[in-house]
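J.: Dumping the structure here so I can ask a few things about it.
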Protein chains: 2
Amino acid sequence: MTTTARPAWLTEVRFDEKGLIPAISQDAITGQILMVAWMNAEALAETAQTGRAVFWSRSRNRLWRKGEESGHVQRLVELRLDCDGDVLLLKVEQIGEIACHTGRASCFYRRFEQNAESLSPKWVSVDPVLKDPELIYK
Amino acid sequence: MTTTARPAWLTEVRFDEKGLIPAISQDAITGQILMVAWMNAEALAETAQTGRAVFWSRSRNRLWRKGEESGHVQRLVELRLDCDGDVLLLKVEQIGEIACHTGRASCFYRRFEQNAESLSPKWVSVDPVLKDPELIYK
C-alpha cells in the first residue's frame, strides 16, 4: 500500500508480523479447496477491486497475479474473513480448472495413508495431473 | 516431539520457523471450510494417531485438543498435504456442527460486501449463531 490511510474494511484484517495473511482459494461451485497462498494489504486491495485473485509471492518477493504466466486466473466470487480476522477465504471460479503448478486441479493432492499391514504411514499422490507443467509454463 | 527421530512421513511436512504449519478443517461431506488453526509436529502426530483433530494454540502456548472444552470435537476423515508441504487439509466430521468459538458452524462468517451506492465496502456477518457461546464454554 502507499502511505495513504487504509480503508476501514482493510484495517479489520489482521496481517502478521511480516504484513501477510494466508488466503484459501476454494472452488465456489464444488467446494474443493484449490490452494493456499499469502496476501499483503496491496494484494488484498487489488483482489477486492479487480475481482481477480492477487497474492504476494514470498519466494519472488513481489505481487503475484494468479494466472499471469499460466493463464489459470482465479475469478473472485466471494471473499470471507474468519472470526479472528487472520485468515481469508476466496471462493473463486478457477479458469482452466487447474490451480496447482504441478498441473493438478488442487494443490492438496497428497493423501495420508496408513494401514494395518504397513507400519509406515505415507503421503500418496491421489489426484491426476491434468496438464503437463511444461506446457503450462512455456 | 520428543528427541526420538521423526517418522518419514512427518519429515515431509514443512513446518515454519516457529515449528508450526497451518491446518484447514473442512467438513468432509458438505465441503464447507470450518476453520484454520496451527499444528506443531506433536499435534500432527497425535491427530494422525488418534483420528481426532489436535492443534497448537498459539495464544495458550499448548496443545489444543479441539473440543476439549466445548465438546465440538473434529473426527478426522482424511488428511492431505499440499504441493509445497506447508499447508495441511483435514477433512473432518464436526461433532455438534459448530466449529467456531462464536457458536457458528464456520469461523468464516464475515463476507466482504460492496455495492455501487455505498462507497465503503465492509465485512458483514452473514451466518447465524447456532448456540450461545456462554452455553458452549460454561
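By convention here, the chains of the C-alpha cells are called A, B, ... in the order presented, each chain's residues are numbered starting at 1, and ligands are numbered starting at 1 in the order presented.
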Contacts from chain B to chain A, 9 Å maximum, only C-alpha atoms: show me the residue list as a ChimeraX atom specification.

T.: /B:7-10,12,22,24,26,30-33,35-36,48,78-84,87-89,100-102,106-113,120-123

J.: Can I get the selection written as a PDB file, in the first residue's frame, with C-alpha atoms?

T.:
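Output below, filename selection-v9.pdb:
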ATOM      1  CA  PRO B   7       8.910 -40.859  11.133  1.00  0.00           C
ATOM      2  CA  ALA B   8       9.494 -40.393   7.406  1.00  0.00           C
ATOM      3  CA  TRP B   9       6.004 -39.072   6.621  1.00  0.00           C
ATOM      4  CA  LEU B  10       6.438 -36.347   9.209  1.00  0.00           C
ATOM      5  CA  GLU B  12       7.952 -34.367   4.528  1.00  0.00           C
ATOM      6  CA  PRO B  22      -1.465 -24.017   9.129  1.00  0.00           C
ATOM      7  CA  ILE B  24      -7.568 -26.146   7.343  1.00  0.00           C
ATOM      8  CA  GLN B  26     -13.177 -28.769   6.062  1.00  0.00           C
ATOM      9  CA  THR B  30     -20.551 -30.577   2.688  1.00  0.00           C
ATOM     10  CA  GLY B  31     -17.137 -29.162   1.760  1.00  0.00           C
ATOM     11  CA  GLN B  32     -17.700 -26.128   3.993  1.00  0.00           C
ATOM     12  CA  ILE B  33     -14.473 -24.687   5.358  1.00  0.00           C
ATOM     13  CA  MET B  35     -11.681 -23.060  10.460  1.00  0.00           C
ATOM     14  CA  VAL B  36      -7.940 -22.698  10.183  1.00  0.00           C
ATOM     15  CA  ALA B  48      -2.797 -38.867  12.744  1.00  0.00           C
ATOM     16  CA  GLU B  78      -8.989 -37.612   5.557  1.00  0.00           C
ATOM     17  CA  LEU B  79      -5.685 -35.795   5.871  1.00  0.00           C
ATOM     18  CA  ARG B  80      -3.980 -34.063   2.951  1.00  0.00           C
ATOM     19  CA  LEU B  81      -0.785 -32.132   2.349  1.00  0.00           C
ATOM     20  CA  ASP B  82      -0.272 -29.527  -0.351  1.00  0.00           C
ATOM     21  CA  CYS B  83       2.334 -29.473  -3.106  1.00  0.00           C
ATOM     22  CA  ASP B  84       4.794 -27.368  -1.111  1.00  0.00           C
ATOM     23  CA  VAL B  87      -0.289 -26.453   4.489  1.00  0.00           C
ATOM     24  CA  LEU B  88      -2.446 -29.294   5.824  1.00  0.00           C
ATOM     25  CA  LEU B  89      -6.052 -30.034   4.970  1.00  0.00           C
ATOM     26  CA  CYS B 100     -16.312 -21.521  15.754  1.00  0.00           C
ATOM     27  CA  HIS B 101     -15.983 -20.180  19.288  1.00  0.00           C
ATOM     28  CA  THR B 102     -18.703 -17.657  18.386  1.00  0.00           C
ATOM     29  CA  SER B 106     -17.742 -21.934  10.486  1.00  0.00           C
ATOM     30  CA  CYS B 107     -15.261 -19.261  11.511  1.00  0.00           C
ATOM     31  CA  PHE B 108     -15.607 -17.710   8.041  1.00  0.00           C
ATOM     32  CA  TYR B 109     -18.912 -15.991   8.676  1.00  0.00           C
ATOM     33  CA  ARG B 110     -17.932 -12.486   7.564  1.00  0.00           C
ATOM     34  CA  ARG B 111     -18.483 -11.656   3.920  1.00  0.00           C
ATOM     35  CA  PHE B 112     -16.961  -8.753   2.044  1.00  0.00           C
ATOM     36  CA  GLU B 113     -19.705  -6.583   0.604  1.00  0.00           C
ATOM     37  CA  SER B 120     -17.310   1.970   1.768  1.00  0.00           C
ATOM     38  CA  PRO B 121     -17.032  -1.793   1.434  1.00  0.00           C
ATOM     39  CA  LYS B 122     -17.458  -3.694   4.681  1.00  0.00           C
ATOM     40  CA  TRP B 123     -17.348  -7.113   6.319  1.00  0.00           C
TER      41      TRP B 123
END

J.: Find the spatial neighbours of Gly71 in chain B, counting only C-alpha atoms, within a cut-off of 9 Å - ignore same-chain residues fewer than 2 positions away - and output them as a count of residues only.

T.: 8

J.: Provide the CA of Pro133 in chain A to CA of Ser25 in chain B distance in Å, to one decimal place.

T.: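 Result for CA of Pro133 in chain A versus CA of Ser25 in chain B: 28.7 Å, one decimal.
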
J.: Taking the backbone alone, and naming residues the way the document does, which bits of chain A are strand (DSSP E or B) by DSSP, as a PyMOL selection string?

T.: chain A and resi 21-27+33-39+52+54-57+62-65+74-81+88-94+110-113+122-125

J.: Of the candidates A:Leu76, A:Thr47, A:Ala5, A:Trp38, which shows the shortest atom-to-atom distance to Ser59 in chain A, using only C-alpha atoms?

T.: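 For Ser59 in chain A, the nearest of the candidates is A:Trp38.
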